[in-house]
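query-v2.tsv (TSV, C-alpha atoms)
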```
chain	number	residue	atom	x	y	z
A	733	GLN	CA	138.01	90.66	67.56
A	734	LYS	CA	134.93	92.34	68.87
A	735	GLU	CA	134.97	92.76	72.64
A	736	VAL	CA	132.71	93.96	75.39
A	737	GLU	CA	134.46	94.93	78.61
A	738	GLN	CA	133.02	95.23	82.07
A	739	ASN	CA	134.50	95.57	85.52
A	740	SER	CA	133.88	92.22	87.18
A	741	GLY	CA	133.37	93.81	90.58
A	742	PRO	CA	132.01	93.07	93.01
A	743	LEU	CA	130.37	96.45	93.29
A	744	SER	CA	128.91	96.99	96.72
A	745	VAL	CA	126.42	99.76	97.46
A	746	PRO	CA	124.17	100.45	100.45
A	747	GLU	CA	120.43	100.09	100.13
A	748	GLY	CA	118.86	103.22	98.68
A	749	ALA	CA	122.02	104.36	96.90
A	750	ILE	CA	122.63	104.67	93.17
A	751	ALA	CA	124.52	101.79	91.59
A	752	SER	CA	126.51	102.68	88.47
A	753	LEU	CA	127.56	99.93	86.09
A	754	ASN	CA	129.82	100.56	83.13
A	755	CYS	CA	130.62	98.84	79.86
A	756	THR	CA	132.86	99.59	76.88
A	757	TYR	CA	132.84	97.97	73.48
A	758	SER	CA	135.44	97.74	70.79
A	759	ASP	CA	133.61	97.98	67.47
A	760	ARG	CA	132.25	101.33	66.29
A	761	GLY	CA	129.85	99.44	64.06
A	762	SER	CA	127.85	98.39	67.09
A	763	GLN	CA	124.16	98.91	66.66
A	764	SER	CA	122.18	97.72	69.66
A	765	PHE	CA	123.01	97.68	73.34
A	766	PHE	CA	121.45	95.75	76.17
A	767	TRP	CA	121.65	95.17	79.87
A	768	TYR	CA	120.69	91.78	81.27
A	769	ARG	CA	120.37	90.79	84.90
A	770	GLN	CA	121.37	87.30	85.98
A	771	TYR	CA	120.68	85.94	89.43
A	772	SER	CA	122.93	83.17	90.67
A	773	GLY	CA	121.99	79.86	89.09
A	774	LYS	CA	119.42	81.45	86.79
A	775	SER	CA	119.41	82.49	83.16
A	776	PRO	CA	119.69	86.16	82.12
A	777	GLU	CA	116.69	88.42	81.80
A	778	LEU	CA	116.54	91.57	79.71
A	779	ILE	CA	116.14	94.74	81.74
A	780	MET	CA	117.12	97.54	79.34
A	781	SER	CA	117.81	98.11	75.66
A	782	ILE	CA	119.17	101.28	74.08
A	783	TYR	CA	119.83	102.05	70.45
A	784	SER	CA	120.71	105.77	70.20
A	785	ASN	CA	122.92	108.19	72.07
A	786	GLY	CA	121.61	109.63	75.29
A	787	ASP	CA	119.64	108.37	78.22
A	788	LYS	CA	116.75	105.95	78.43
A	789	GLU	CA	114.82	105.60	81.65
A	790	ASP	CA	112.59	102.77	82.79
A	791	GLY	CA	111.49	102.90	86.40
A	792	ARG	CA	114.55	102.83	88.64
A	793	PHE	CA	116.82	101.96	85.71
A	794	THR	CA	118.54	104.40	83.37
A	795	ALA	CA	120.70	103.29	80.47
A	796	GLN	CA	123.17	105.74	78.97
A	797	LEU	CA	124.84	105.39	75.59
A	798	ASN	CA	127.74	107.36	74.18
A	799	LYS	CA	128.74	105.99	70.81
A	800	ALA	CA	131.61	108.43	70.35
A	801	SER	CA	133.22	107.08	73.50
A	802	GLN	CA	131.99	103.53	72.86
A	803	TYR	CA	130.54	103.48	76.32
A	804	VAL	CA	127.31	102.17	77.82
A	805	SER	CA	126.23	102.49	81.42
A	806	LEU	CA	123.37	101.42	83.65
A	807	LEU	CA	122.25	103.38	86.67
A	808	ILE	CA	120.05	101.77	89.30
A	809	ARG	CA	118.41	104.29	91.59
A	810	ASP	CA	117.18	103.48	95.08
A	811	SER	CA	119.05	100.18	95.00
A	812	GLN	CA	117.38	97.29	96.78
A	813	PRO	CA	118.86	94.04	98.11
A	814	SER	CA	116.82	92.28	95.43
A	815	ASP	CA	118.95	94.07	92.83
A	816	SER	CA	121.94	92.01	93.94
A	817	ALA	CA	122.88	90.03	90.84
A	818	THR	CA	125.32	89.94	87.97
A	819	TYR	CA	124.62	92.51	85.28
A	820	LEU	CA	125.64	91.61	81.75
A	821	CYS	CA	126.27	94.19	79.08
A	822	ALA	CA	125.55	92.95	75.55
A	823	VAL	CA	126.16	94.40	72.11
A	824	THR	CA	124.83	93.45	68.70
A	825	TYR	CA	126.92	94.57	65.75
A	826	THR	CA	125.81	96.24	62.55
A	827	GLY	CA	125.34	93.71	59.83
A	828	GLY	CA	125.95	90.96	62.29
A	829	PHE	CA	123.50	88.69	63.89
A	830	LYS	CA	125.31	87.64	67.00
A	831	THR	CA	125.17	89.23	70.40
A	832	ILE	CA	128.42	89.57	72.29
A	833	PHE	CA	128.26	89.56	76.09
A	834	GLY	CA	130.59	91.13	78.59
A	835	ALA	CA	131.81	89.07	81.51
A	836	GLY	CA	129.35	90.79	83.84
A	837	THR	CA	129.57	92.95	86.95
A	838	ARG	CA	128.52	91.47	90.26
A	839	LEU	CA	126.44	93.91	92.30
A	840	PHE	CA	125.78	93.59	96.02
A	841	VAL	CA	123.24	95.86	97.66
A	842	LYS	CA	123.68	95.87	101.43
A	843	ALA	CA	120.57	96.19	103.57
B	1238	GLY	CA	108.21	89.78	76.75
B	1239	ALA	CA	108.43	86.62	74.76
B	1240	VAL	CA	108.55	83.29	76.56
B	1241	VAL	CA	111.21	80.69	75.94
B	1242	SER	CA	111.01	77.39	77.75
B	1243	GLN	CA	113.86	74.96	78.21
B	1244	HIS	CA	113.79	71.37	79.41
B	1245	PRO	CA	115.14	69.67	81.44
B	1246	SER	CA	116.25	72.25	83.97
B	1247	TRP	CA	118.85	69.90	85.35
B	1248	VAL	CA	120.21	66.52	84.36
B	1249	ILE	CA	122.81	64.14	85.72
B	1250	CYS	CA	124.24	61.50	83.44
B	1251	LYS	CA	127.06	59.01	83.28
B	1252	SER	CA	130.15	59.65	81.23
B	1253	GLY	CA	129.76	58.40	77.68
B	1254	THR	CA	126.02	58.84	77.46
B	1255	SER	CA	124.13	61.41	75.40
B	1256	VAL	CA	121.81	64.10	76.71
B	1257	LYS	CA	119.17	66.04	74.80
B	1258	ILE	CA	118.04	69.52	75.83
B	1259	GLU	CA	114.93	71.10	74.33
B	1260	CYS	CA	114.27	74.78	73.77
B	1261	ARG	CA	110.81	76.01	72.83
B	1262	SER	CA	109.43	79.42	71.97
B	1263	LEU	CA	105.97	79.38	73.53
B	1264	ASP	CA	104.26	82.47	72.17
B	1265	PHE	CA	106.18	83.34	69.04
B	1266	GLN	CA	107.93	81.73	66.11
B	1267	ALA	CA	111.70	81.70	66.22
B	1268	THR	CA	113.49	81.13	62.95
B	1269	THR	CA	116.74	81.46	64.82
B	1270	MET	CA	117.73	80.33	68.27
B	1271	PHE	CA	121.04	80.59	70.05
B	1272	TRP	CA	122.74	78.13	72.36
B	1273	TYR	CA	125.07	79.37	75.08
B	1274	ARG	CA	127.21	77.66	77.66
B	1275	GLN	CA	128.20	79.19	80.96
B	1276	PHE	CA	130.77	77.87	83.38
B	1277	PRO	CA	130.69	78.99	87.05
B	1278	LYS	CA	131.50	82.67	87.54
B	1279	GLN	CA	132.07	83.14	83.80
B	1280	SER	CA	130.07	84.89	81.14
B	1281	LEU	CA	127.89	83.42	78.46
B	1282	MET	CA	129.75	81.86	75.57
B	1283	LEU	CA	127.87	81.44	72.33
B	1284	MET	CA	128.15	77.89	71.09
B	1285	ALA	CA	126.03	77.94	67.97
B	1286	THR	CA	123.24	79.61	66.08
B	1287	SER	CA	120.36	77.32	65.32
B	1288	ASN	CA	118.47	77.99	62.08
B	1289	GLU	CA	115.08	76.50	61.36
B	1290	GLY	CA	115.24	74.09	58.48
B	1291	SER	CA	118.97	74.32	57.94
B	1292	LYS	CA	122.25	73.45	59.55
B	1293	ALA	CA	123.39	75.21	62.68
B	1294	THR	CA	126.31	77.61	62.59
B	1295	TYR	CA	128.91	76.74	65.21
B	1296	GLU	CA	131.34	79.09	66.86
B	1297	GLN	CA	135.04	78.50	66.55
B	1298	GLY	CA	136.22	75.77	68.88
B	1299	VAL	CA	132.81	74.15	69.33
B	1300	GLU	CA	132.69	70.57	68.05
B	1301	LYS	CA	129.64	70.18	65.85
B	1302	ASP	CA	129.76	66.40	66.05
B	1303	LYS	CA	129.68	66.54	69.83
B	1304	PHE	CA	127.02	69.20	70.21
B	1305	LEU	CA	124.29	68.26	67.76
B	1306	ILE	CA	121.70	70.91	67.09
B	1307	ASN	CA	118.39	70.33	65.37
B	1308	HIS	CA	115.88	73.08	64.64
B	1309	ALA	CA	113.05	71.15	63.05
B	1310	SER	CA	110.26	73.65	63.59
B	1311	LEU	CA	109.74	77.35	64.20
B	1312	THR	CA	109.20	76.74	67.91
B	1313	LEU	CA	111.65	73.99	68.81
B	1314	SER	CA	115.42	73.63	68.81
B	1315	THR	CA	117.28	70.77	70.48
B	1316	LEU	CA	120.86	70.44	71.64
B	1317	THR	CA	122.24	66.94	72.09
B	1318	VAL	CA	125.49	66.52	73.97
B	1319	THR	CA	126.89	63.28	72.62
B	1320	SER	CA	129.26	61.02	74.54
B	1321	ALA	CA	129.26	63.44	77.43
B	1322	HIS	CA	132.31	63.75	79.65
B	1323	PRO	CA	132.78	65.50	83.00
B	1324	GLU	CA	134.31	68.53	81.28
B	1325	ASP	CA	130.98	69.03	79.48
B	1326	SER	CA	129.33	69.73	82.83
B	1327	SER	CA	128.01	73.26	82.54
B	1328	PHE	CA	124.94	75.48	82.41
B	1329	TYR	CA	123.44	75.40	78.92
B	1330	ILE	CA	121.08	78.20	77.98
B	1331	CYS	CA	119.07	78.78	74.82
B	1332	SER	CA	117.70	82.07	73.61
B	1333	ALA	CA	115.66	83.49	70.76
B	1334	ARG	CA	114.79	86.81	69.17
B	1335	THR	CA	111.29	87.93	68.33
B	1336	GLY	CA	112.23	90.50	65.71
B	1337	ASN	CA	115.08	92.60	64.44
B	1338	THR	CA	115.75	94.64	67.56
B	1339	GLY	CA	118.37	92.25	68.84
B	1340	GLU	CA	116.67	91.64	72.16
B	1341	LEU	CA	117.22	88.10	73.37
B	1342	PHE	CA	114.82	86.10	75.49
B	1343	PHE	CA	116.34	83.24	77.39
B	1344	GLY	CA	115.12	79.85	78.47
B	1345	GLU	CA	115.48	78.84	82.09
B	1346	GLY	CA	118.73	77.03	81.42
B	1347	SER	CA	119.74	73.40	81.81
B	1348	ARG	CA	122.38	72.41	84.30
B	1349	LEU	CA	124.25	69.34	83.10
B	1350	THR	CA	126.39	67.26	85.44
B	1351	VAL	CA	128.36	64.42	83.93
B	1352	LEU	CA	129.64	61.88	86.42
```

Rendering of file as structure tokens:
Amino acid sequence: QKEVEQNSGPLSVPEGAIASLNCTYSDRGSQSFFWYRQYSGKSPELIMSIYSNGDKEDGRFTAQLNKASQYVSLLIRDSQPSDSATYLCAVTYTGGFKTIFGAGTRLFVKA
Amino acid sequence: GAVVSQHPSWVICKSGTSVKIECRSLDFQATTMFWYRQFPKQSLMLMATSNEGSKATYEQGVEKDKFLINHASLTLSTLTVTSAHPEDSSFYICSARTGNTGELFFGEGSRLTVL
């Protein structure tokens, strides 16, 4: 069974620090990788997508993908209290059409 | 990004009644939409894949006769929770893709409370 694993947290970081969120996946046939942010009581919103090994930067966010290790991470630089949310890692599998979500990591950024 | 709208955002109903939730893609055509359910402090669980013009594909353990899905047009999918019971109370979220990249765009979600 295909799985996406995340540490549930909570992860607590001070304002201005770097928050590091990690995710592993079970199927080497995975093709596309995503990070979604979900505020309490709201639906998820896409913040990063990554498709090839290496780093991808977008503003304060950097996604890192290592297919050999089956590992995806999200770095949030200069963390702000408004970044406090649950971050969901998601994976779409080769030949598949469904997206599998991890359980999410709760992030708290302390002012 | 693409815009997906969901309605109603919250609904309270009596046990035994049916509730319909609508999901619309506002600025693109979605041949496929996805319905998720999320219980408090848990992750998204895919319930079914809604295909325009054909039957929905349900995930294992999801009762297709209880959760009726209709995808009559390229911009509208509906989920009807039939004979709702308190254990059906949850946050229901629809999503859609705009292309083949796998990126999902979510509706606002519908919070269902069954009394």

Hey, what's within 6 Å of stretch 1267-1280 of chain B if we count all atoms listed in the file and toss same-chain stuff fewer than 6 positions away? As a PDB file with C-alpha atoms, in the frame of the given file, please?
```
ATOM      1  CA  ALA A 835     131.810  89.070  81.510  1.00  0.00           C
TER       2      ALA A 835
ATOM      3  CA  THR B1286     123.240  79.610  66.080  1.00  0.00           C
ATOM      4  CA  SER B1287     120.360  77.320  65.320  1.00  0.00           C
ATOM      5  CA  ASN B1288     118.470  77.990  62.080  1.00  0.00           C
ATOM      6  CA  GLU B1289     115.080  76.500  61.360  1.00  0.00           C
ATOM      7  CA  LEU B1311     109.740  77.350  64.200  1.00  0.00           C
ATOM      8  CA  THR B1312     109.200  76.740  67.910  1.00  0.00           C
ATOM      9  CA  SER B1327     128.010  73.260  82.540  1.00  0.00           C
ATOM     10  CA  PHE B1328     124.940  75.480  82.410  1.00  0.00           C
ATOM     11  CA  TYR B1329     123.440  75.400  78.920  1.00  0.00           C
ATOM     12  CA  ILE B1330     121.080  78.200  77.980  1.00  0.00           C
ATOM     13  CA  CYS B1331     119.070  78.780  74.820  1.00  0.00           C
ATOM     14  CA  SER B1332     117.700  82.070  73.610  1.00  0.00           C
ATOM     15  CA  ALA B1333     115.660  83.490  70.760  1.00  0.00           C
TER      16      ALA B1333
END
```

For this session: Just the residues within 9 Å of A:Ser784, please, counting only C-alpha atoms, with nothing from its chain fewer than 2 positions along; format it as a list of chain:residue names.
Result: A:Gln763, A:Ser764, A:Phe765, A:Ile782, A:Gly786, A:Asp787, A:Leu797, A:Asn798, A:Lys799

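Taking atom CA of B:Asp1325 and atom CA of A:Lys830 as the two end points, the separation is 23.1 Å.
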
Enumerate, in order of chain and increasing residue number, the residues of chain B with an atom no farther than 7 Å from chain A, each with its shortest atom pair and distance in Å to one decimal, counting only C-alpha atoms, as a tab-separated table.
```
residue	atom	partner	partner_atom	distance
B:Gln1279	CA	A:Ala835	CA	6.4
B:Ser1280	CA	A:Ala835	CA	4.5
B:Leu1281	CA	A:Phe833	CA	6.6
B:Ile1330	CA	A:Ser775	CA	6.9
B:Gly1339	CA	A:Thr824	CA	6.6
B:Phe1342	CA	A:Glu777	CA	7.0
B:Phe1343	CA	A:Pro776	CA	6.5
B:Gly1344	CA	A:Ser775	CA	6.9
B:Glu1345	CA	A:Ser775	CA	5.5
B:Gly1346	CA	A:Ser775	CA	5.8
```

For this session: Write out as JSON, numbers by chain each polymer residue whose atoms come within 9 Å of A:Ala817, counting only C-alpha atoms; drop sequence neighbours fewer than 3 positions from it.
Result: {"A": [769, 770, 771, 772, 814, 837, 838, 839, 840, 841]}
